[in-house]
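K.L.:
Just run_20.cif, nothing more (mmCIF, C-alpha atoms and all ligand atoms):
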data_protein
#
loop_
_atom_site.label_atom_id
_atom_site.label_comp_id
_atom_site.auth_asym_id
_atom_site.auth_seq_id
_atom_site.Cartn_x
_atom_site.Cartn_y
_atom_site.Cartn_z
CA MET A 1 80.45 82.71 107.65
CA SER A 2 76.81 81.84 106.88
CA GLU A 3 77.95 78.32 105.94
CA GLU A 4 79.46 77.93 109.41
CA ILE A 5 76.19 79.00 111.02
CA VAL A 6 74.23 76.48 108.91
CA GLN A 7 76.72 73.77 109.84
CA PHE A 8 76.43 74.70 113.51
CA PHE A 9 72.63 74.44 113.44
CA ILE A 10 72.71 71.10 111.63
CA ILE A 11 74.97 69.71 114.36
CA LEU A 12 72.84 71.35 117.03
CA VAL A 13 69.69 69.71 115.67
CA ALA A 14 71.54 66.38 115.50
CA VAL A 15 72.60 66.72 119.13
CA ALA A 16 69.14 67.76 120.26
CA SER A 17 67.34 64.95 118.41
CA GLY A 18 69.90 62.40 119.63
CA TRP A 19 69.36 63.75 123.08
CA LEU A 20 65.57 63.38 122.96
CA LEU A 21 65.68 59.97 121.25
CA GLY A 22 68.13 58.82 123.88
CA TYR A 23 65.65 59.93 126.51
CA TRP A 24 62.55 58.38 124.93
CA TYR A 25 64.20 55.04 124.20
CA ARG A 26 66.18 54.90 127.42
CA PRO A 27 66.11 51.54 129.26
CA LYS A 28 63.00 51.60 131.42
CA GLN A 29 63.93 51.70 135.07
CA LYS A 30 61.96 52.18 138.21
CA GLY A 31 61.85 55.17 140.45
CA SER A 32 63.96 58.27 140.68
CA VAL A 33 66.95 57.13 138.49
CA THR A 34 64.87 57.68 135.33
CA ASP A 35 63.69 61.07 136.50
CA ASP A 36 67.30 62.08 137.16
CA THR A 37 68.34 61.09 133.65
CA ALA A 38 65.40 63.00 132.18
CA SER A 39 66.20 66.13 134.11
CA SER A 40 69.87 65.98 133.09
CA TYR A 41 68.84 65.64 129.43
CA TYR A 42 66.65 68.72 129.65
CA LYS A 43 69.12 70.68 131.74
CA GLY A 44 71.97 69.95 129.33
CA LEU A 45 69.81 70.77 126.32
CA ASN A 46 68.77 74.08 127.88
CA TYR A 47 72.37 75.06 128.49
CA LEU A 48 73.22 74.12 124.93
CA LEU A 49 70.36 76.11 123.42
CA SER A 50 71.23 79.13 125.55
CA GLU A 51 74.84 78.89 124.26
CA GLN A 52 76.30 77.99 127.65
CA ALA A 53 78.67 75.37 126.29
CA GLY A 54 80.73 74.92 129.46
CA ALA A 55 77.64 74.27 131.61
CA ALA A 56 76.23 71.84 129.04
CA VAL A 57 79.51 69.89 129.08
CA MET A 58 79.55 69.67 132.87
CA THR A 59 75.88 68.57 133.00
CA VAL A 60 76.51 65.81 130.48
CA ILE A 61 79.68 64.61 132.20
CA ASN A 62 78.25 64.68 135.71
CA GLU A 63 74.67 63.64 135.14
CA LEU A 64 74.16 61.79 131.87
CA PRO A 65 75.09 58.09 132.23
CA VAL A 66 77.48 56.57 129.71
CA ASN A 67 76.06 53.56 127.89
CA ILE A 68 75.56 52.36 124.35
CA GLU A 69 72.26 54.32 124.03
CA THR A 70 73.64 57.67 125.22
CA LEU A 71 77.00 57.32 123.44
CA PRO A 72 75.87 59.05 120.18
CA THR A 73 74.71 62.06 122.25
CA HIS A 74 78.06 62.29 124.05
CA LEU A 75 79.96 61.99 120.75
CA ALA A 76 77.75 64.52 118.95
CA LEU A 77 78.17 67.04 121.77
CA GLY A 78 81.96 66.47 121.72
CA ASN A 79 82.08 67.11 117.97
CA LEU A 80 79.86 70.18 118.36
CA MET A 81 82.27 71.58 120.95
CA ARG A 82 85.27 70.95 118.69
CA SER A 83 83.59 72.50 115.65
CA LYS A 84 82.85 75.60 117.75
CA GLY A 85 86.49 75.81 118.76
CA GLU A 86 85.72 74.73 122.37
CA VAL A 87 88.45 72.09 122.24
CA GLU A 88 88.84 71.87 126.03
CA GLY A 89 85.15 70.96 126.41
CA ALA A 90 85.44 68.36 123.63
CA ILE A 91 88.51 66.81 125.29
CA ARG A 92 86.69 66.66 128.65
CA ILE A 93 83.69 64.89 127.10
CA HIS A 94 85.81 62.32 125.24
CA GLN A 95 88.10 61.69 128.22
CA ASN A 96 85.01 61.11 130.37
CA LEU A 97 83.87 58.42 127.91
CA LEU A 98 87.26 56.68 127.99
CA SER A 99 87.15 56.46 131.76
CA ARG A 100 84.06 54.21 131.48
CA PRO A 101 85.09 50.64 130.75
CA SER A 102 81.44 49.65 130.22
CA LEU A 103 81.57 50.57 126.52
CA PRO A 104 82.31 47.86 123.92
CA LYS A 105 85.85 47.82 122.48
CA ASP A 106 85.08 49.14 119.00
CA LYS A 107 83.15 52.08 120.49
CA LEU A 108 86.13 52.87 122.72
CA TYR A 109 88.37 53.07 119.61
CA GLN A 110 85.87 55.44 118.03
CA VAL A 111 86.23 57.64 121.13
CA HIS A 112 90.05 57.33 120.87
CA LEU A 113 89.79 58.66 117.34
CA GLU A 114 87.59 61.59 118.38
CA LEU A 115 89.90 62.49 121.26
CA ALA A 116 92.86 62.36 118.85
CA ARG A 117 91.04 64.83 116.59
CA ASP A 118 90.55 67.12 119.63
CA TYR A 119 94.27 66.96 120.37
CA ILE A 120 95.10 67.73 116.73
CA SER A 121 92.79 70.78 116.86
CA ALA A 122 94.57 71.88 120.05
CA GLY A 123 98.00 71.36 118.44
CA LEU A 124 98.84 68.59 120.94
CA PHE A 125 100.30 66.34 118.26
CA ASP A 126 102.30 64.00 120.52
CA ARG A 127 99.19 63.06 122.51
CA ALA A 128 97.15 62.57 119.32
CA GLU A 129 99.96 60.43 117.91
CA ARG A 130 99.95 58.03 120.87
CA LEU A 131 96.18 57.55 120.67
CA LEU A 132 96.22 57.04 116.91
CA ARG A 133 99.06 54.50 117.17
CA ASP A 134 96.90 52.43 119.54
CA VAL A 135 93.95 52.57 117.16
CA VAL A 136 96.17 51.50 114.21
CA ASP A 137 97.53 48.54 116.18
CA GLU A 138 94.29 47.37 117.73
CA SER A 139 91.27 48.32 115.63
CA THR A 140 90.74 47.07 112.08
CA LEU A 141 87.56 49.15 111.80
CA TYR A 142 89.20 52.54 112.46
CA ARG A 143 92.74 51.74 111.30
CA SER A 144 92.49 53.52 107.96
CA GLU A 145 91.07 56.72 109.44
CA ALA A 146 93.73 56.73 112.16
CA LEU A 147 96.50 56.29 109.56
CA THR A 148 95.16 59.28 107.60
CA HIS A 149 95.29 61.49 110.72
CA LEU A 150 98.78 60.22 111.59
CA GLN A 151 100.04 61.00 108.10
CA ASN A 152 98.66 64.56 108.35
CA ILE A 153 100.39 65.04 111.72
CA TYR A 154 103.79 63.92 110.40
CA GLN A 155 103.32 66.02 107.27
CA SER A 156 102.63 69.18 109.26
CA GLU A 157 105.65 68.39 111.45
CA LYS A 158 107.74 67.84 108.27
CA ASP A 159 108.75 64.43 109.68
CA TRP A 160 109.08 62.88 106.23
CA ASP A 161 110.37 59.46 107.35
CA GLN A 162 107.38 58.89 109.61
CA ALA A 163 104.99 60.33 107.01
CA ILE A 164 106.39 57.88 104.46
CA ALA A 165 106.10 54.91 106.82
CA VAL A 166 102.46 55.72 107.60
CA ALA A 167 101.46 56.56 104.00
CA ARG A 168 102.92 53.23 102.82
CA LEU A 169 100.65 51.43 105.29
CA ARG A 170 97.65 53.09 103.62
CA LEU A 171 98.41 51.47 100.27
CA PRO A 172 97.21 47.94 99.44
CA GLN A 173 99.88 45.29 99.94
CA LYS A 174 101.58 44.31 96.69
CA HIS A 175 101.84 40.68 95.68
CA TRP A 176 104.91 39.91 93.61
CA LEU A 177 103.20 37.30 91.47
CA LYS A 178 99.87 39.03 91.04
CA LYS A 179 99.36 41.91 88.62
CA GLN A 180 98.29 44.95 90.60
CA ALA A 181 94.69 46.06 90.13
CA VAL A 182 94.07 49.61 88.84
CA ALA A 183 94.79 52.07 91.65
CA THR A 184 91.82 53.96 93.09
CA ALA A 185 91.78 57.78 93.22
CA ALA A 186 92.47 57.59 96.97
CA ASP A 187 95.48 55.31 96.38
CA ARG A 188 96.75 57.70 93.69
CA ALA A 189 96.53 60.62 96.14
CA VAL A 190 98.53 58.66 98.73
CA GLU A 191 101.13 57.74 96.08
CA CYS A 192 101.36 61.37 94.99
CA SER A 193 101.99 62.52 98.56
CA LEU A 194 104.56 59.72 99.04
CA SER A 195 106.37 60.88 95.92
CA HIS A 196 106.58 64.42 97.29
CA TYR A 197 107.76 63.21 100.71
CA TYR A 198 110.73 61.57 98.98
CA CYS A 199 111.31 64.83 97.07
CA GLU A 200 111.32 66.72 100.38
CA LYS A 201 114.00 64.36 101.68
CA ALA A 202 115.97 64.68 98.44
CA GLN A 203 115.74 68.47 98.59
CA ARG A 204 117.33 68.47 102.07
CA LEU A 205 120.11 66.16 100.84
CA VAL A 206 120.73 68.39 97.80
CA TYR A 207 121.21 71.37 100.15
CA SER A 208 123.86 69.40 102.03
CA ARG A 209 125.31 68.28 98.65
CA ASP A 210 124.79 64.57 99.36
CA PHE A 211 123.84 63.87 95.75
CA LYS A 212 124.17 60.08 95.93
CA LEU A 213 121.60 59.68 98.69
CA ALA A 214 119.41 62.38 97.15
CA SER A 215 119.31 60.42 93.88
CA LYS A 216 118.19 57.33 95.75
CA GLU A 217 115.32 59.27 97.33
CA LEU A 218 114.34 60.62 93.91
CA GLN A 219 114.19 57.08 92.50
CA ASP A 220 111.65 56.30 95.21
CA ALA A 221 109.79 59.52 94.38
CA ARG A 222 109.43 58.36 90.77
CA TYR A 223 108.48 54.83 91.83
CA PHE A 224 105.32 56.31 93.35
CA ASP A 225 104.74 58.95 90.66
CA ASN A 226 106.87 58.72 87.55
CA GLN A 227 105.45 62.01 86.23
CA ASN A 228 106.48 64.01 89.32
CA VAL A 229 108.01 67.13 87.73
CA ARG A 230 109.67 68.11 90.96
CA SER A 231 111.65 64.85 91.11
CA LEU A 232 112.77 65.28 87.49
CA LEU A 233 113.87 68.89 88.09
CA LEU A 234 115.83 67.85 91.19
CA SER A 235 117.45 64.96 89.33
CA ALA A 236 118.44 67.31 86.49
CA HIS A 237 119.94 69.72 89.05
CA ILE A 238 121.96 66.86 90.58
CA ALA A 239 123.10 65.65 87.14
CA ILE A 240 124.46 69.14 86.38
CA GLN A 241 126.30 69.25 89.73
CA GLU A 242 127.77 65.81 89.02
CA LYS A 243 128.98 66.99 85.59
CA LYS A 244 126.53 64.83 83.64
CA PRO A 245 124.92 67.50 81.43
CA GLN A 246 123.55 65.06 78.83
CA LEU A 247 121.64 63.18 81.53
CA ALA A 248 120.25 66.50 82.79
CA LEU A 249 119.10 67.44 79.28
CA ASP A 250 117.38 64.06 78.82
CA LEU A 251 115.47 64.52 82.08
CA LEU A 252 114.46 68.07 81.16
CA GLN A 253 113.44 66.92 77.70
CA SER A 254 111.04 64.41 79.23
CA ILE A 255 109.38 67.22 81.23
CA LEU A 256 109.02 69.34 78.07
CA GLU A 257 107.44 66.40 76.24
CA ASN A 258 105.10 65.15 78.93
CA GLN A 259 104.31 68.28 80.94
CA PRO A 260 105.01 71.32 78.74
CA ALA A 261 103.20 73.61 81.22
CA TYR A 262 106.38 73.50 83.35
CA ALA A 263 108.66 74.63 80.48
CA SER A 264 109.53 77.93 82.18
CA GLU A 265 110.81 75.98 85.22
CA VAL A 266 112.95 73.89 82.90
CA LEU A 267 114.73 76.80 81.18
CA PRO A 268 117.30 77.81 83.86
CA LEU A 269 118.50 74.20 84.23
CA PHE A 270 118.42 73.67 80.46
CA ARG A 271 120.61 76.75 79.96
CA GLU A 272 123.06 75.62 82.62
CA ALA A 273 123.30 72.04 81.32
CA PHE A 274 123.89 73.24 77.77
CA THR A 275 126.81 75.50 78.69
CA HIS A 276 128.78 72.31 79.46
CA LEU A 277 127.84 70.66 76.17
CA GLY A 278 127.86 72.87 73.11
CA ASN A 279 128.54 76.28 71.64
CA ARG A 280 126.03 79.12 71.20
CA THR A 281 124.99 78.07 67.67
CA GLN A 282 124.16 74.56 68.89
CA TYR A 283 122.30 76.06 71.84
CA LEU A 284 120.27 78.22 69.44
CA HIS A 285 119.35 75.14 67.39
CA ALA A 286 118.23 73.30 70.51
CA LEU A 287 116.14 76.28 71.67
CA ARG A 288 114.47 76.62 68.26
CA ARG A 289 113.57 72.92 68.27
CA ILE A 290 111.94 73.31 71.70
CA VAL A 291 110.04 76.48 70.73
CA GLU A 292 108.60 74.66 67.71
CA LYS A 293 107.08 72.04 69.99
CA VAL A 294 106.42 74.00 73.20
CA ASN A 295 105.11 77.51 72.74
CA CYS A 296 106.71 78.94 75.85
CA THR A 297 107.41 82.66 76.39
CA ALA A 298 110.52 82.07 78.49
CA PHE A 299 112.09 79.88 75.78
CA ILE A 300 111.15 82.35 73.01
CA ILE A 301 112.80 85.24 74.85
CA GLU A 302 115.87 83.09 75.52
CA CYS A 303 115.93 82.23 71.83
CA ALA A 304 115.78 85.95 70.91
CA ASP A 305 118.66 86.74 73.27
CA VAL A 306 120.86 84.07 71.69
CA ILE A 307 119.85 85.24 68.17
CA ALA A 308 120.99 88.73 69.20
CA GLU A 309 124.39 87.29 70.16
CA CYS A 310 124.78 85.19 67.01
CA ASP A 311 123.05 87.23 64.29
CA GLY A 312 122.69 90.73 65.75
CA SER A 313 119.93 92.66 67.48
CA GLU A 314 117.91 93.38 64.35
CA ALA A 315 117.40 89.68 63.68
CA ALA A 316 116.41 89.20 67.32
CA GLU A 317 113.85 92.00 67.12
CA ARG A 318 112.35 90.52 63.94
CA TYR A 319 112.14 87.10 65.58
CA LEU A 320 110.44 88.47 68.70
CA HIS A 321 108.06 90.59 66.66
CA GLU A 322 106.93 87.55 64.65
CA ALA A 323 106.60 85.39 67.76
CA SER A 324 104.50 87.99 69.58
CA MET A 325 102.26 88.41 66.52
CA GLN A 326 101.57 84.67 66.62
CA ARG A 327 100.96 84.44 70.33
CA PRO A 328 100.83 87.80 72.09
CA THR A 329 101.60 87.14 75.74
CA THR A 330 102.34 90.13 77.96
CA GLY A 331 105.83 88.74 78.49
CA LEU A 332 106.54 88.76 74.76
CA LEU A 333 105.07 92.22 74.22
CA ALA A 334 107.22 93.57 77.02
CA ALA A 335 110.26 91.90 75.46
CA VAL A 336 109.49 93.44 72.04
CA LEU A 337 109.10 96.92 73.47
CA GLU A 338 112.23 96.53 75.57
CA ARG A 339 114.31 95.65 72.50
CA SER A 340 112.92 98.26 70.09
CA PRO A 341 111.89 101.19 72.28
CA ASN A 342 112.22 103.97 69.71
CA GLU A 343 109.60 102.92 67.22
CA LEU A 344 106.83 105.04 68.71
CA SER A 345 106.89 107.61 71.49
CA SER A 346 104.02 105.88 73.24
CA THR A 347 105.94 102.65 73.54
CA VAL A 348 107.64 103.78 76.76
CA LEU A 349 104.28 104.16 78.44
CA THR A 350 103.06 100.88 77.05
CA GLN A 351 106.22 99.23 78.27
CA GLN A 352 105.72 100.53 81.81
CA PHE A 353 102.14 99.40 81.77
CA LEU A 354 103.03 95.95 80.60
CA GLN A 355 105.83 95.61 83.12
CA GLN A 356 103.47 96.56 85.90
CA LEU A 357 100.86 94.15 84.62
CA LYS A 358 103.48 91.44 84.48
CA ALA A 359 104.69 92.15 88.02
CA GLU A 360 101.23 92.23 89.53
CA ARG A 361 99.67 89.16 88.04
CA PRO A 362 100.14 85.84 89.86
CA SER A 363 102.49 83.41 88.14
CA TYR A 364 101.21 80.18 89.65
CA ARG A 365 97.75 78.76 90.22
CA CYS A 366 96.39 75.64 91.94
CA ARG A 367 94.23 73.62 89.56
CA HIS A 368 92.49 72.02 92.56
CA CYS A 369 91.31 75.07 94.52
CA GLY A 370 92.28 78.07 92.35
CA PHE A 371 94.78 79.51 94.86
CA SER A 372 97.24 81.75 93.03
CA GLY A 373 100.51 83.44 93.92
CA GLN A 374 104.01 84.46 92.89
CA LYS A 375 105.81 81.40 94.20
CA LEU A 376 105.76 77.75 93.14
CA HIS A 377 104.53 75.88 96.23
CA TRP A 378 104.64 72.12 95.74
CA LEU A 379 102.15 71.70 98.60
CA CYS A 380 99.23 74.07 98.01
CA PRO A 381 98.97 76.33 101.13
CA SER A 382 95.23 76.63 100.57
CA CYS A 383 93.87 73.14 99.86
CA GLU A 384 96.96 71.17 101.01
CA GLN A 385 97.15 69.05 97.85
CA TRP A 386 100.54 68.05 96.49
CA GLY A 387 101.64 68.98 92.99
CA THR A 388 98.46 70.84 91.98
CA ILE A 389 100.10 74.26 91.58
CA ALA A 390 101.48 74.96 88.12
CA PRO A 391 102.67 78.02 86.19
CA ILE A 392 99.72 79.89 84.72
CA ARG A 393 99.37 79.40 80.97
CA GLY A 394 97.54 81.60 78.52
CA ILE A 395 97.74 85.08 77.11
CA GLN A 396 98.73 86.66 80.44
CA GLY A 397 100.94 83.82 81.54
CA ASP A 398 103.76 81.67 80.29
ZN ZN A 401 95.05 74.30 96.13
#
Let me see the structure of the file written as structure tokens.

P.N.:
Amino acid sequence: MSEEIVQFFIILVAVASGWLLGYWYRPKQKGSVTDDTASSYYKGLNYLLSEQAGAAVMTVINELPVNIETLPTHLALGNLMRSKGEVEGAIRIHQNLLSRPSLPKDKLYQVHLELARDYISAGLFDRAERLLRDVVDESTLYRSEALTHLQNIYQSEKDWDQAIAVARLRLPQKHWLKKQAVATAADRAVECSLSHYYCEKAQRLVYSRDFKLASKELQDARYFDNQNVRSLLLSAHIAIQEKKPQLALDLLQSILENQPAYASEVLPLFREAFTHLGNRTQYLHALRRIVEKVNCTAFIIECADVIAECDGSEAAERYLHEASMQRPTTGLLAAVLERSPNELSSTVLTQQFLQQLKAERPSYRCRHCGFSGQKLHWLCPSCEQWGTIAPIRGIQGD
């Protein structure tokens, strides 16, 4: 809250100083015109300082001339209105500027961009879209900023085809003969979002069981980010549906090797793929090999369950006990107590406590903003970054 107030005052000071500078350095004219401009400056500033936003807007629109000297004041006041949530006032100021053809072309595109941001704040996406399209087509100076806004609009409308088309325009053009220079962080972020847009399309196609087209989308997803876990998980799911369990296992194996933090997401698909391939003993061998490399609670518990089937519950209890001694996660402790509840009378209480602890703690956290929750969101609801949320690792996690 206090940050907002500071921000408001910084903008207010900017508007006020722009206002006064605009007045002092105004083109010198004779007679009453200058006095009128001066009085409108002071009148508008008074309204602004006394928090009468609507009156300040009307004074500026009706009395302050629009020219290259006063433009920064108009724009600053428009932005101030928008940042205060007075979107209607901001729209009125920016529309007033567009109705004056006296401004140079590049300044008009700047106003287009500001008006588009007003429309986005007001949720009027179709109007913002039209303005931004014009800027993209006609202004090289503001093209990149307009494309960023357009991409955000299509993303929030879940219009993945349009989002893809716009995001692709943000990337540098590739030359077939030239080796591509190292991508910048901004390019990487665009590629990461592109990869997830293709995953979104693939996910829809998987729901409608169009696996062939979905696989094509996933190829594109990996073209832009070959480490995208989501695309690999979806491909493994498709491979299982298409009765290609070995392919599914290979894909899952590559996740375990390159991004072991996602091991718990891999397990359900791994289990399903293996049921088409081998018997329980072979499955146990495969699980043990994975546990050796990836110390993952979900895989250890799965391993214990299969040991119980193959070698009896005592062997499973011993295995779990050893594993939880080595790396005591709450999940493992709960599993131990669940399987050997009669060792001590207090274990029942401990078990309840651990189960509660397990249920209450968040399972996923965003490594960008720290947002945590019980569900794996591929687009962080807090900071709106793609692919930053991962299962929580550590003693209380996976
Ligand atoms: Zn986040």

K.L.:
By how many Å are CA of Ser324 in chain A and CA of Ala263 in chain A apart?

P.N.:
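Interatomic distance here is 17.7 Å.
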
K.L.:
Got a sec: who's within 8 Å of range 305-313 of chain A, counting all atoms listed in the file, leaving out chain neighbours fewer than 2 positions off, as a list in words?

P.N.:
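In the requested form, the answer reads Arg280, Thr281, Leu284, Ile301, Glu302, Cys303, Ala315, Ala316 and Glu317 of chain A.
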
K.L.:
Expressed in Å to a single decimal, how great is the separation between CA of Arg92 in chain A and CA of Asn67 in chain A?

P.N.:
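Value for the CA of Arg92 in chain A-CA of Asn67 in chain A distance: 16.9 Å.
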
K.L.:
To check your reading of the model: which residues sit at most 9 Å from ligand ZN 401 (chain A) when counting only C-alpha atoms and all ligand atoms? Write the answer as a list in words.

P.N.:
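My answer, listing the contacting residues, is Arg365, Cys366, Arg367, His368, Cys369, Gly370, Phe371, Ser372, Leu379, Cys380, Pro381, Ser382, Cys383, Glu384, Gln385, Trp386, Thr388 and Ile389 of chain A.
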
K.L.:
Between CA of His321 in chain A and CA of Ala298 in chain A, measure the distance and give it in Å to one decimal.

P.N.:
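Between these atoms lies a distance of 14.8 Å.
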
K.L.:
Measuring between all atoms listed in the file, which one of A:Ala116, A:Ala221, A:Leu232, A:Ala248 shows the shortest distance to Ile91 in chain A?

P.N.:
A:Ala116

K.L.:
With all atoms listed in the file as the basis for distance, which of A:Ala239, A:Glu191, A:Thr148, A:Cys199 is at the shortest distance from Lys212 in chain A?

P.N.:
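Checking each of A:Ala239, A:Glu191, A:Thr148, A:Cys199 against Lys212 in chain A, counting all atoms listed in the file, the winner is A:Ala239.
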
K.L.:
Go through A:Ala128, A:Val136, A:Ala359, A:Leu75 and flag the residue nearest Lys107 in chain A, using all atoms listed in the file for the distances.

P.N.:
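Smallest separation from Lys107 in chain A among the options: A:Leu75.
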
K.L.:
Excluding range 254-259 of chain A and its own-chain neighbours fewer than 6 positions away, which residues fall within 8 Å of it when counting only C-alpha atoms? Please give them as an MDAnalysis selection string.

P.N.:
chainID A and resid 227 229 232 266 294

K.L.:
Neighbours of Leu354 in chain A within 7 Å (only C-alpha atoms; same-chain residues fewer than 3 positions away dropped), as number ranges by chain?

P.N.:
A: 330, 334, 350-351, 357-358

K.L.:
Can you spit out the residues from that selection as a CSV table (one decimal), in the coordinates of the input, using C-alpha atoms?

P.N.:
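Contents of result-v5.csv, as written:
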chain,number,residue,atom,x,y,z
A,330,THR,CA,102.3,90.1,78.0
A,334,ALA,CA,107.2,93.6,77.0
A,350,THR,CA,103.1,100.9,77.0
A,351,GLN,CA,106.2,99.2,78.3
A,357,LEU,CA,100.9,94.2,84.6
A,358,LYS,CA,103.5,91.4,84.5

K.L.:
Report as a ChimeraX atom specification all protein, DNA and RNA residues lying within 10 Å of Ser144 in chain A, evaluated on all atoms listed in the file, omitting residues in the same chain fewer than 3 positions from it.

P.N.:
/A:135-136,139-141,147-150,169-171

K.L.:
Go ahead and find all residues with at least one atom no further than 10 Å from (110.2, 77.9, 86.2) in the file's coordinates, using only C-alpha atoms; report them as a ChimeraX atom specification.

P.N.:
/A:233,261-269,298,363-364,375-376,390-391,398

K.L.:
Rank A:His94, A:Arg327, A:Lys216, A:Arg127 by their smallest atom-to-atom distance to Val66 in chain A, using all atoms listed in the file, and report the top residue only.

P.N.:
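Closest to Val66 in chain A of all the choices is A:His94.
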
K.L.:
Which polymer residues have any atom within 10 Å of an atom of Ile240 in chain A, counting only C-alpha atoms, with same-chain residues fewer than 4 positions away left out, as a list of chain:residue names?

P.N.:
A:Leu234, A:Ser235, A:Ala236, A:Lys244, A:Pro245, A:Gln246, A:Leu247, A:Ala248, A:Leu249, A:Leu269, A:Phe270, A:Glu272, A:Ala273, A:Phe274, A:His276

K.L.:
Just write the chosen residues, C-alpha atoms, as a compact mmCIF listing (two decimals), in the frame of the given file.

P.N.:
# COMPACT_ATOMS: atom_id res chain seq x y z
CA LEU A 234 115.83 67.85 91.19
CA SER A 235 117.45 64.96 89.33
CA ALA A 236 118.44 67.31 86.49
CA LYS A 244 126.53 64.83 83.64
CA PRO A 245 124.92 67.50 81.43
CA GLN A 246 123.55 65.06 78.83
CA LEU A 247 121.64 63.18 81.53
CA ALA A 248 120.25 66.50 82.79
CA LEU A 249 119.10 67.44 79.28
CA LEU A 269 118.50 74.20 84.23
CA PHE A 270 118.42 73.67 80.46
CA GLU A 272 123.06 75.62 82.62
CA ALA A 273 123.30 72.04 81.32
CA PHE A 274 123.89 73.24 77.77
CA HIS A 276 128.78 72.31 79.46
